[in-house]
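Structure file coords-v1.txt; described as compact mmCIF, C-alpha atoms.
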```txt
# COMPACT_ATOMS: atom_id res chain seq x y z
CA MET A 1 79.25 166.98 -125.29
CA ARG A 2 81.50 165.18 -122.84
CA LEU A 3 81.02 161.42 -122.29
CA THR A 4 78.47 161.10 -119.50
CA GLU A 5 77.23 157.89 -117.92
CA ILE A 6 73.83 157.90 -116.28
CA ARG A 7 71.92 155.24 -114.40
CA ILE A 8 68.20 155.58 -113.79
CA ALA A 9 66.72 153.11 -111.32
CA GLY A 10 63.48 152.53 -109.48
CA PHE A 11 60.76 149.93 -109.31
CA GLY A 12 58.53 148.55 -112.06
CA GLY A 13 55.71 150.89 -113.01
CA GLN A 14 57.65 154.10 -112.35
CA GLY A 15 58.54 154.45 -116.00
CA VAL A 16 62.30 154.14 -115.59
CA ILE A 17 62.84 152.85 -119.14
CA LEU A 18 60.79 155.62 -120.74
CA ALA A 19 62.74 158.24 -118.77
CA ALA A 20 65.98 156.78 -120.07
CA MET A 21 64.66 156.65 -123.63
CA VAL A 22 63.55 160.28 -123.51
CA ILE A 23 67.04 161.41 -122.48
CA GLY A 24 68.67 159.19 -125.12
CA LYS A 25 66.38 160.41 -127.87
CA ALA A 26 66.75 164.05 -126.89
CA VAL A 27 70.51 163.86 -127.15
CA SER A 28 70.77 161.82 -130.33
CA ILE A 29 67.78 162.76 -132.42
CA PHE A 30 67.08 166.33 -131.38
CA GLN A 31 70.47 167.50 -130.12
CA ARG A 32 72.54 165.53 -132.68
CA ASP A 33 74.99 164.02 -130.24
CA HIS A 34 75.19 160.28 -129.49
CA ALA A 35 73.40 158.08 -126.99
CA THR A 36 72.86 154.45 -126.08
CA MET A 37 70.40 152.92 -123.66
CA THR A 38 70.97 149.54 -122.03
CA GLN A 39 68.38 147.71 -120.05
CA ASN A 40 69.11 144.72 -117.86
CA PHE A 41 66.43 142.11 -117.54
CA GLY A 42 68.36 140.24 -114.86
CA PRO A 43 66.92 138.51 -111.83
CA GLU A 44 66.50 142.03 -110.38
CA SER A 45 63.67 142.73 -112.79
CA ARG A 46 61.71 139.81 -111.33
CA GLY A 47 61.73 141.49 -107.94
CA GLY A 48 60.14 144.59 -109.38
CA ALA A 49 63.38 146.59 -109.47
CA CYS A 50 64.10 148.31 -112.73
CA SER A 51 67.20 149.99 -114.05
CA ALA A 52 68.41 151.53 -117.29
CA GLN A 53 71.76 152.90 -118.31
CA VAL A 54 72.23 155.78 -120.68
CA VAL A 55 75.53 156.88 -122.16
CA LEU A 56 75.70 160.32 -123.80
CA SER A 57 78.60 161.54 -125.87
CA GLY A 58 79.66 164.04 -128.50
CA SER A 59 81.16 161.18 -130.53
CA PRO A 60 80.05 157.61 -131.31
CA ILE A 61 79.91 155.39 -128.25
CA LEU A 62 81.99 152.23 -128.40
CA TYR A 63 81.30 150.87 -124.94
CA PRO A 64 77.74 151.49 -123.80
CA TYR A 65 77.90 149.76 -120.45
CA VAL A 66 77.88 151.97 -117.40
CA THR A 67 80.07 150.82 -114.53
CA ARG A 68 80.73 154.08 -112.69
CA PRO A 69 77.93 156.51 -113.46
CA ASP A 70 78.46 160.26 -113.33
CA ILE A 71 74.79 160.67 -112.52
CA LEU A 72 72.43 158.37 -110.64
CA VAL A 73 68.69 158.96 -110.67
CA ALA A 74 67.27 156.89 -107.79
CA MET A 75 63.50 156.61 -107.66
CA SER A 76 63.32 154.06 -104.83
CA GLN A 77 65.18 153.19 -101.64
CA GLU A 78 66.32 149.91 -103.13
CA ALA A 79 67.69 151.70 -106.18
CA TYR A 80 69.56 154.13 -103.93
CA THR A 81 71.03 151.43 -101.70
CA ARG A 82 72.08 149.25 -104.57
CA PHE A 83 73.54 151.80 -106.95
CA VAL A 84 74.85 154.69 -104.85
CA PRO A 85 78.13 152.86 -104.11
CA GLU A 86 78.82 152.79 -107.86
CA LEU A 87 78.56 156.56 -108.33
CA LYS A 88 81.76 158.30 -109.41
CA GLU A 89 83.46 160.48 -106.83
CA GLY A 90 82.12 163.95 -107.34
CA GLY A 91 79.05 162.46 -109.00
CA LEU A 92 75.51 163.74 -108.93
CA LEU A 93 72.60 161.94 -107.28
CA LEU A 94 68.98 162.84 -108.05
CA VAL A 95 66.37 161.25 -105.80
CA GLU A 96 62.61 160.93 -105.54
CA GLN A 97 62.80 162.61 -102.16
CA ASP A 98 59.62 161.13 -100.67
CA LEU A 99 60.85 157.61 -101.43
CA VAL A 100 64.56 157.74 -100.69
CA ARG A 101 66.34 158.20 -97.38
CA LEU A 102 70.00 159.17 -97.77
CA THR A 103 71.43 156.52 -95.47
CA GLY A 104 75.17 156.02 -95.72
CA LEU A 105 75.63 158.66 -98.39
CA PRO A 106 79.23 158.49 -99.64
CA GLU A 107 81.44 161.60 -99.37
CA GLY A 108 81.66 164.04 -102.23
CA ILE A 109 78.32 163.26 -103.84
CA ARG A 110 76.08 166.19 -104.73
CA VAL A 111 72.40 165.37 -104.09
CA HIS A 112 69.20 167.01 -105.27
CA GLY A 113 65.71 165.77 -104.49
CA VAL A 114 62.26 166.21 -105.96
CA PRO A 115 58.89 164.88 -104.75
CA ALA A 116 58.21 163.58 -108.26
CA THR A 117 55.32 161.30 -107.32
CA ARG A 118 53.52 164.07 -105.43
CA LEU A 119 54.04 166.56 -108.26
CA ALA A 120 52.69 164.00 -110.71
CA GLU A 121 49.68 163.40 -108.49
CA GLU A 122 49.02 167.14 -108.52
CA LEU A 123 48.61 166.77 -112.28
CA GLY A 124 46.11 163.99 -111.66
CA ARG A 125 48.29 161.18 -113.01
CA LYS A 126 50.88 159.49 -110.84
CA MET A 127 52.21 157.71 -113.93
CA VAL A 128 53.95 160.87 -115.19
CA LEU A 129 56.36 160.93 -112.25
CA ASN A 130 59.08 159.73 -114.62
CA VAL A 131 58.68 162.77 -116.85
CA VAL A 132 58.63 165.05 -113.78
CA MET A 133 61.98 163.44 -112.97
CA VAL A 134 63.26 164.09 -116.50
CA GLY A 135 62.31 167.77 -116.19
CA PHE A 136 64.08 167.95 -112.84
CA PHE A 137 67.12 166.25 -114.38
CA ALA A 138 67.08 168.86 -117.16
CA SER A 139 67.20 171.90 -114.92
CA VAL A 140 69.55 170.53 -112.27
CA THR A 141 72.12 169.13 -114.69
CA GLY A 142 71.83 171.56 -117.62
CA LEU A 143 73.38 168.69 -119.57
CA VAL A 144 70.80 168.26 -122.29
CA ASP A 145 69.08 170.96 -124.29
CA GLU A 146 65.72 171.74 -122.73
CA GLN A 147 63.87 171.98 -126.05
CA ALA A 148 65.42 168.73 -127.27
CA LEU A 149 64.06 167.04 -124.14
CA ARG A 150 60.60 168.50 -124.67
CA ARG A 151 60.57 167.24 -128.25
CA ALA A 152 61.75 163.80 -127.08
CA VAL A 153 58.93 163.70 -124.51
CA GLU A 154 56.43 164.50 -127.27
CA ALA A 155 57.92 161.82 -129.50
CA SER A 156 57.86 159.17 -126.76
CA VAL A 157 54.29 159.28 -125.48
CA PRO A 158 50.94 158.66 -127.18
CA PRO A 159 49.44 161.85 -128.70
CA ALA A 160 46.61 161.91 -126.15
CA TYR A 161 49.16 162.18 -123.32
CA ARG A 162 51.47 164.78 -124.84
CA GLU A 163 50.07 167.81 -123.07
CA LEU A 164 50.00 166.05 -119.71
CA ASN A 165 53.60 164.91 -120.10
CA LEU A 166 54.82 168.34 -121.18
CA LYS A 167 53.19 169.76 -118.04
CA ALA A 168 54.92 167.08 -115.98
CA PHE A 169 58.24 167.99 -117.59
CA GLN A 170 57.66 171.67 -116.84
CA LYS A 171 56.75 170.95 -113.23
CA GLY A 172 59.92 168.97 -112.64
CA PHE A 173 61.98 171.55 -114.53
CA GLU A 174 60.70 174.45 -112.44
CA TYR A 175 61.18 172.54 -109.21
CA GLY A 176 64.79 172.01 -110.20
CA THR A 177 65.52 175.67 -110.87
CA THR A 178 65.23 176.50 -107.16
CA SER A 179 66.55 173.18 -105.80
CA LEU A 180 69.18 173.29 -103.07
CA PRO A 181 71.58 170.39 -102.48
CA LEU A 182 70.50 167.83 -99.85
CA THR A 183 72.77 166.22 -97.29
CA GLU A 184 72.38 163.06 -95.25
CA GLU A 185 71.46 165.30 -92.30
CA SER A 186 68.78 167.22 -94.19
CA GLU A 187 67.24 163.87 -95.07
CA ALA A 188 65.24 163.43 -98.16
CA VAL A 189 62.18 161.81 -96.55
CA PRO A 190 60.25 164.54 -94.72
CA GLU A 191 58.23 162.11 -92.61
CA LEU A 192 61.43 160.84 -91.07
CA ARG A 193 62.69 164.28 -90.03
CA GLY A 194 63.06 164.97 -86.33
CA ASP A 195 61.50 168.44 -86.56
CA MET B 1 71.43 128.59 -121.89
CA ARG B 2 74.57 129.35 -123.88
CA LEU B 3 75.61 133.01 -124.38
CA THR B 4 73.84 134.18 -127.51
CA GLU B 5 74.16 137.57 -129.15
CA ILE B 6 71.29 138.81 -131.29
CA ARG B 7 70.82 141.93 -133.34
CA ILE B 8 67.39 143.01 -134.53
CA ALA B 9 67.35 145.77 -137.11
CA GLY B 10 64.90 147.48 -139.40
CA PHE B 11 63.40 150.90 -139.91
CA GLY B 12 61.46 153.10 -137.51
CA GLY B 13 57.85 152.02 -137.05
CA GLN B 14 58.52 148.30 -137.52
CA GLY B 15 58.62 147.71 -133.78
CA VAL B 16 62.25 146.60 -133.62
CA ILE B 17 62.69 147.68 -129.99
CA LEU B 18 59.54 145.93 -128.82
CA ALA B 19 60.63 142.71 -130.55
CA ALA B 20 63.95 142.90 -128.70
CA MET B 21 62.24 143.59 -125.40
CA VAL B 22 59.88 140.65 -125.80
CA ILE B 23 62.80 138.27 -126.32
CA GLY B 24 64.73 139.77 -123.39
CA LYS B 25 61.74 139.58 -121.07
CA ALA B 26 60.87 136.04 -122.09
CA VAL B 27 64.34 134.81 -121.25
CA SER B 28 64.84 136.68 -118.01
CA ILE B 29 61.44 136.99 -116.42
CA PHE B 30 59.63 133.92 -117.67
CA GLN B 31 62.48 131.54 -118.44
CA ARG B 32 64.71 132.67 -115.53
CA ASP B 33 67.90 133.07 -117.51
CA HIS B 34 69.60 136.43 -118.10
CA ALA B 35 69.18 139.08 -120.78
CA THR B 36 70.19 142.63 -121.64
CA MET B 37 68.88 144.88 -124.35
CA THR B 38 70.91 147.76 -125.76
CA GLN B 39 69.55 150.36 -128.06
CA ASN B 40 71.67 152.79 -130.04
CA PHE B 41 70.26 156.20 -130.68
CA GLY B 42 73.15 157.12 -132.96
CA PRO B 43 72.95 159.17 -136.14
CA GLU B 44 71.48 156.05 -137.74
CA SER B 45 68.25 156.54 -135.80
CA ARG B 46 67.81 159.94 -137.47
CA GLY B 47 67.72 158.27 -140.87
CA GLY B 48 64.85 156.07 -139.76
CA ALA B 49 67.04 153.00 -139.23
CA CYS B 50 66.54 151.24 -135.95
CA SER B 51 68.54 148.56 -134.22
CA ALA B 52 68.57 146.76 -130.89
CA GLN B 53 70.96 144.27 -129.42
CA VAL B 54 69.94 141.47 -127.11
CA VAL B 55 72.32 139.26 -125.18
CA LEU B 56 70.93 136.05 -123.66
CA SER B 57 72.79 133.88 -121.20
CA GLY B 58 72.42 131.27 -118.51
CA SER B 59 74.56 133.39 -116.20
CA PRO B 60 74.75 137.15 -115.48
CA ILE B 61 75.94 139.17 -118.44
CA LEU B 62 79.01 141.30 -117.88
CA TYR B 63 79.43 142.73 -121.35
CA PRO B 64 76.11 143.45 -123.05
CA TYR B 65 77.44 144.91 -126.26
CA VAL B 66 77.04 142.79 -129.35
CA THR B 67 79.93 142.97 -131.80
CA ARG B 68 79.59 139.66 -133.65
CA PRO B 69 75.99 138.48 -133.39
CA ASP B 70 75.10 134.79 -133.55
CA ILE B 71 71.71 135.78 -134.95
CA LEU B 72 70.71 138.75 -137.08
CA VAL B 73 67.05 139.60 -137.63
CA ALA B 74 66.98 141.98 -140.62
CA MET B 75 63.67 143.65 -141.32
CA SER B 76 64.89 146.00 -144.06
CA GLN B 77 67.40 146.03 -146.91
CA GLU B 78 69.45 148.69 -145.14
CA ALA B 79 69.56 146.58 -141.98
CA TYR B 80 70.71 143.57 -144.00
CA THR B 81 73.40 145.46 -145.89
CA ARG B 82 74.75 147.17 -142.83
CA PHE B 83 74.76 144.32 -140.33
CA VAL B 84 75.20 141.08 -142.30
CA PRO B 85 79.00 141.55 -142.48
CA GLU B 86 79.07 141.44 -138.65
CA LEU B 87 77.33 138.05 -138.37
CA LYS B 88 79.45 135.28 -136.88
CA GLU B 89 80.58 132.57 -139.25
CA GLY B 90 77.97 129.85 -139.06
CA GLY B 91 75.48 132.43 -137.82
CA LEU B 92 71.77 132.58 -138.48
CA LEU B 93 70.05 135.30 -140.49
CA LEU B 94 66.29 135.84 -140.32
CA VAL B 95 64.84 138.24 -142.87
CA GLU B 96 61.56 139.94 -143.71
CA GLN B 97 61.63 138.22 -147.09
CA ASP B 98 59.51 140.73 -148.97
CA LEU B 99 61.81 143.55 -147.91
CA VAL B 100 65.28 142.03 -148.08
CA ARG B 101 67.25 140.85 -151.09
CA LEU B 102 70.17 138.59 -150.18
CA THR B 103 72.81 140.45 -152.15
CA GLY B 104 76.39 139.52 -151.33
CA LEU B 105 75.41 136.97 -148.70
CA PRO B 106 78.57 135.80 -146.92
CA GLU B 107 79.49 132.08 -146.97
CA GLY B 108 78.32 129.82 -144.17
CA ILE B 109 75.30 131.84 -143.07
CA ARG B 110 72.01 129.98 -142.64
CA VAL B 111 69.07 132.11 -143.79
CA HIS B 112 65.34 131.81 -143.16
CA GLY B 113 62.73 134.25 -144.43
CA VAL B 114 59.18 135.18 -143.51
CA PRO B 115 56.80 137.65 -145.20
CA ALA B 116 56.11 139.20 -141.80
CA THR B 117 54.47 142.37 -143.09
CA ARG B 118 52.06 140.43 -145.31
CA LEU B 119 51.18 137.98 -142.54
CA ALA B 120 50.52 140.94 -140.22
CA GLU B 121 48.35 142.56 -142.86
CA GLU B 122 46.32 139.34 -143.06
CA LEU B 123 45.52 139.94 -139.39
CA GLY B 124 44.37 143.44 -140.30
CA ARG B 125 47.21 145.26 -138.53
CA LYS B 126 50.53 145.79 -140.22
CA MET B 127 51.95 147.04 -136.91
CA VAL B 128 52.16 143.48 -135.52
CA LEU B 129 54.79 142.45 -138.06
CA ASN B 130 57.37 142.60 -135.27
CA VAL B 131 55.53 140.00 -133.22
CA VAL B 132 55.09 137.82 -136.32
CA MET B 133 58.89 138.04 -136.56
CA VAL B 134 59.27 137.05 -132.89
CA GLY B 135 57.07 133.99 -133.47
CA PHE B 136 59.13 133.07 -136.52
CA PHE B 137 62.32 133.55 -134.48
CA ALA B 138 60.87 131.21 -131.83
CA SER B 139 60.18 128.29 -134.13
CA VAL B 140 63.26 128.60 -136.33
CA THR B 141 65.76 129.00 -133.49
CA GLY B 142 64.13 126.94 -130.73
CA LEU B 143 66.32 129.06 -128.48
CA VAL B 144 63.70 130.50 -126.16
CA ASP B 145 60.81 128.69 -124.53
CA GLU B 146 57.69 129.20 -126.62
CA GLN B 147 55.40 129.75 -123.63
CA ALA B 148 57.84 132.22 -122.08
CA LEU B 149 57.71 134.20 -125.32
CA ARG B 150 53.91 134.17 -125.38
CA ARG B 151 53.82 135.47 -121.81
CA ALA B 152 56.37 138.16 -122.68
CA VAL B 153 54.22 139.24 -125.63
CA GLU B 154 51.20 139.51 -123.32
CA ALA B 155 53.23 141.50 -120.79
CA SER B 156 54.59 143.90 -123.42
CA VAL B 157 51.49 145.11 -125.24
CA PRO B 158 48.38 146.97 -124.05
CA PRO B 159 45.59 144.61 -122.91
CA ALA B 160 43.37 145.56 -125.86
CA TYR B 161 46.04 144.29 -128.26
CA ARG B 162 46.96 141.04 -126.49
CA GLU B 163 44.81 138.72 -128.56
CA LEU B 164 45.92 140.28 -131.84
CA ASN B 165 49.58 140.00 -130.85
CA LEU B 166 49.25 136.39 -129.73
CA LYS B 167 47.69 135.61 -133.11
CA ALA B 168 50.60 137.38 -134.79
CA PHE B 169 53.04 135.34 -132.72
CA GLN B 170 51.24 132.14 -133.69
CA LYS B 171 51.23 133.05 -137.36
CA GLY B 172 54.98 133.67 -137.39
CA PHE B 173 55.61 130.58 -135.31
CA GLU B 174 53.67 128.30 -137.65
CA TYR B 175 55.33 129.81 -140.70
CA GLY B 176 58.69 128.96 -139.15
CA THR B 177 57.88 125.32 -138.51
CA THR B 178 57.87 124.58 -142.26
CA SER B 179 60.53 127.11 -143.27
CA LEU B 180 63.32 125.95 -145.57
CA PRO B 181 66.68 127.72 -145.69
CA LEU B 182 67.05 130.42 -148.35
CA THR B 183 70.13 130.99 -150.47
CA GLU B 184 71.27 134.01 -152.43
CA GLU B 185 70.06 132.21 -155.58
CA SER B 186 66.60 131.47 -154.20
CA GLU B 187 66.32 135.19 -153.45
CA ALA B 188 64.18 136.44 -150.70
CA VAL B 189 62.25 139.07 -152.67
CA PRO B 190 59.69 137.22 -154.84
CA GLU B 191 59.04 140.17 -157.15
CA LEU B 192 62.66 140.12 -158.18
CA ARG B 193 62.71 136.44 -159.13
CA GLY B 194 63.32 135.60 -162.78
CA ASP B 195 60.56 132.96 -162.87
```
What is this structure when it is put down as structure tokens?
Amino acid sequence: MRLTEIRIAGFGGQGVILAAMVIGKAVSIFQRDHATMTQNFGPESRGGACSAQVVLSGSPILYPYVTRPDILVAMSQEAYTRFVPELKEGGLLLVEQDLVRLTGLPEGIRVHGVPATRLAEELGRKMVLNVVMVGFFASVTGLVDEQALRRAVEASVPPAYRELNLKAFQKGFEYGTTSLPLTEESEAVPELRGD
Amino acid sequence: MRLTEIRIAGFGGQGVILAAMVIGKAVSIFQRDHATMTQNFGPESRGGACSAQVVLSGSPILYPYVTRPDILVAMSQEAYTRFVPELKEGGLLLVEQDLVRLTGLPEGIRVHGVPATRLAEELGRKMVLNVVMVGFFASVTGLVDEQALRRAVEASVPPAYRELNLKAFQKGFEYGTTSLPLTEESEAVPELRGD
């Protein structure tokens, strides 16, 4: 696979790190390509913000630090505002659409949104919103083998939560299969729409 | 604090990643310096080997990738063999002394050993060997504030396991306070000694 830099960002408690680990594991352990995951514990983590960087590649990765991601997964407004300027031109932005308003969206960015928290709540456990997001990532990007991701989900959560997390993955995946691109005008936060 | 590069390596199931996260969190969240943690999911992770890199610094970290660690924590023979050649001259090596034999130890490396698995077993839970190792790291290096590390341990494990993990930390810490440097001749693996 082609070298792909991904940043996943949100606030503490959303499971940002686990989402990054699932993608990294899927690619390296189950898909047999290469992956690194870097986590900053800077001052930002004190404020409750949380961010992880994943680099995927068909060959060993020499420089694991993401500076211009190809893909940004923004699970909070703060994550969007802070990291969207770093996205590569022509990059892909995935947002938790109930939590992110697309203010000042740069040109040439493709955006898809999913109400990950709401979908997780429908499963009775808000905590699986991260795995909903991973499922959504899977179907929108087509970058990582779907079965490899499912196996990485299974390998990353306690046995008692496997079924729940696989359902969360499926829910996000299915939502992604019919997802249409968002624009700044279409606005990701429904409550803020004028209609 | 001065820029310090650390690699922690062992095999899957030893809790290498959690050990790295505890040190990173202690420094950044509770000690208010900076830290990054990078995890490779390369082909090595398929073989059961596991390695994490932590960079600690008094100022923001621009390049989080460890190439020549100041400190190597080796929890398996494979980890020792693979990563000891990368240690900086004058670097510090901490080993799980029942699992690592100091074959071909480079000149100028200071070595300390702890029977982390055995000490964890004395607490009834082998799984806390990683936190024993973190406690040992704390007292031997004096690099990270001891209370910050205890708080990071508490913040990194499920509530039901807090007390056990704090005991594990304490056990490793106390072992480190009386630790004498090892040499290749003194050999870290007692069963292999000629006496």
So which residues touch Ser28 (chain B) within 6 Å, counting only C-alpha atoms, skipping near sequence neighbours fewer than 5 positions away, as a list in words?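 Residues meeting the cut-off are Phe41 and Gly42 of chain A; Asp33, His34 and Ala35 of chain B.
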Using all atoms listed in the file, find the one residue out of A:Val144, A:Asn165, A:Thr183, A:Leu3 that sits nearest to Tyr63 (chain A). A:Leu3
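Near (53.4, 138.0, -142.6), the residues that fall inside 9 Å on the basis of only C-alpha atoms are Glu96, Val114, Pro115, Ala116, Thr117, Arg118, Leu119, Ala120, Glu121, Glu122, Leu123, Lys126, Leu129, Val132, Met133, Ala168, Lys171, Gly172 and Tyr175 of chain B.
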Please produce a file of those selected residues containing C-alpha atoms, as a PDB file, in the coordinates of the input.
```
ATOM      1  CA  GLU B  96      61.560 139.940-143.710  1.00  0.00           C
ATOM      2  CA  VAL B 114      59.180 135.180-143.510  1.00  0.00           C
ATOM      3  CA  PRO B 115      56.800 137.650-145.200  1.00  0.00           C
ATOM      4  CA  ALA B 116      56.110 139.200-141.800  1.00  0.00           C
ATOM      5  CA  THR B 117      54.470 142.370-143.090  1.00  0.00           C
ATOM      6  CA  ARG B 118      52.060 140.430-145.310  1.00  0.00           C
ATOM      7  CA  LEU B 119      51.180 137.980-142.540  1.00  0.00           C
ATOM      8  CA  ALA B 120      50.520 140.940-140.220  1.00  0.00           C
ATOM      9  CA  GLU B 121      48.350 142.560-142.860  1.00  0.00           C
ATOM     10  CA  GLU B 122      46.320 139.340-143.060  1.00  0.00           C
ATOM     11  CA  LEU B 123      45.520 139.940-139.390  1.00  0.00           C
ATOM     12  CA  LYS B 126      50.530 145.790-140.220  1.00  0.00           C
ATOM     13  CA  LEU B 129      54.790 142.450-138.060  1.00  0.00           C
ATOM     14  CA  VAL B 132      55.090 137.820-136.320  1.00  0.00           C
ATOM     15  CA  MET B 133      58.890 138.040-136.560  1.00  0.00           C
ATOM     16  CA  ALA B 168      50.600 137.380-134.790  1.00  0.00           C
ATOM     17  CA  LYS B 171      51.230 133.050-137.360  1.00  0.00           C
ATOM     18  CA  GLY B 172      54.980 133.670-137.390  1.00  0.00           C
ATOM     19  CA  TYR B 175      55.330 129.810-140.700  1.00  0.00           C
TER      20      TYR B 175
END
```
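Here the question is which of A:Phe11, A:Phe30, A:Phe136, A:Phe173 gets nearest to chain B using all atoms listed in the file, and that residue is A:Phe30.
Nearest to Pro69 (chain B) of all the residues B:Pro158, B:Gly124, B:Pro181, B:Gly91 is B:Gly91, based on all atoms listed in the file.
One finds CA of Ile71 (chain B) at 5.8 Å from CA of Leu93 (chain B).
A straight line drawn from CA of Pro106 (chain A) to CA of Thr36 (chain A) is 27.5 Å long.
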Rounded to one decimal in Å, what is the spacing between CA of Arg7 (chain A) and CA of Ala79 (chain B)?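 CA of Arg7 (chain A) sits 29.0 Å away from CA of Ala79 (chain B).
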If we count only C-alpha atoms and set the cut-off at 12 Å, which residues sit around region 111-113 of chain B, ignoring sequence neighbours fewer than 6 positions away in its own chain? Please answer as number ranges by chain. B: 71-76, 80, 84, 87, 90-102, 105, 132-133, 136-137, 139-141, 172, 175-190
For a quick check of your reading of the model, name the residues lying within 12 Å of the coordinate (67.0, 145.3, -131.0), counting only C-alpha atoms, and write them as a PyMOL selection string. (chain A and resi 36-39) or (chain B and resi 5-12+14-24+36-41+49-55+65-66+69+71-75+79+130+134)
Near-Leu164 (chain B) list (10 Å; all atoms listed in the file; drop same-chain fewer than 2 positions) as a list in words: Ala120, Leu123, Gly124, Arg125, Val128, Val131, Val157, Pro159, Ala160, Tyr161, Arg162, Leu166, Lys167, Ala168, Phe169 and Gln170 of chain B
Nearest residue to Thr103 (chain B) out of B:Glu174, B:Asp70, B:Glu89, B:Glu78, using all atoms listed in the file? B:Glu78
Taking into account all atoms listed in the file, which residue in the set A:Lys25, A:Arg110, A:Arg151, A:Arg2 is nearest to chain B?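 With all atoms listed in the file as the atom set, the closest residue is A:Lys25.
When all atoms listed in the file are used to measure the gap to chain B, the shortest distance among A:Gln77, A:Gln147, A:Thr4, A:Ser57 belongs to A:Ser57.
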Could the centre and edge lengths of an axis-aligned box, enclosing all atoms of region 13-21 of chain B in the file with 3 Å extra on each side, be given in Å to one decimal as lines of an AutoDock Vina configuration file?
```
center_x = 60.9
center_y = 147.4
center_z = -131.5
size_x = 12.1
size_y = 15.3
size_z = 18.1
```
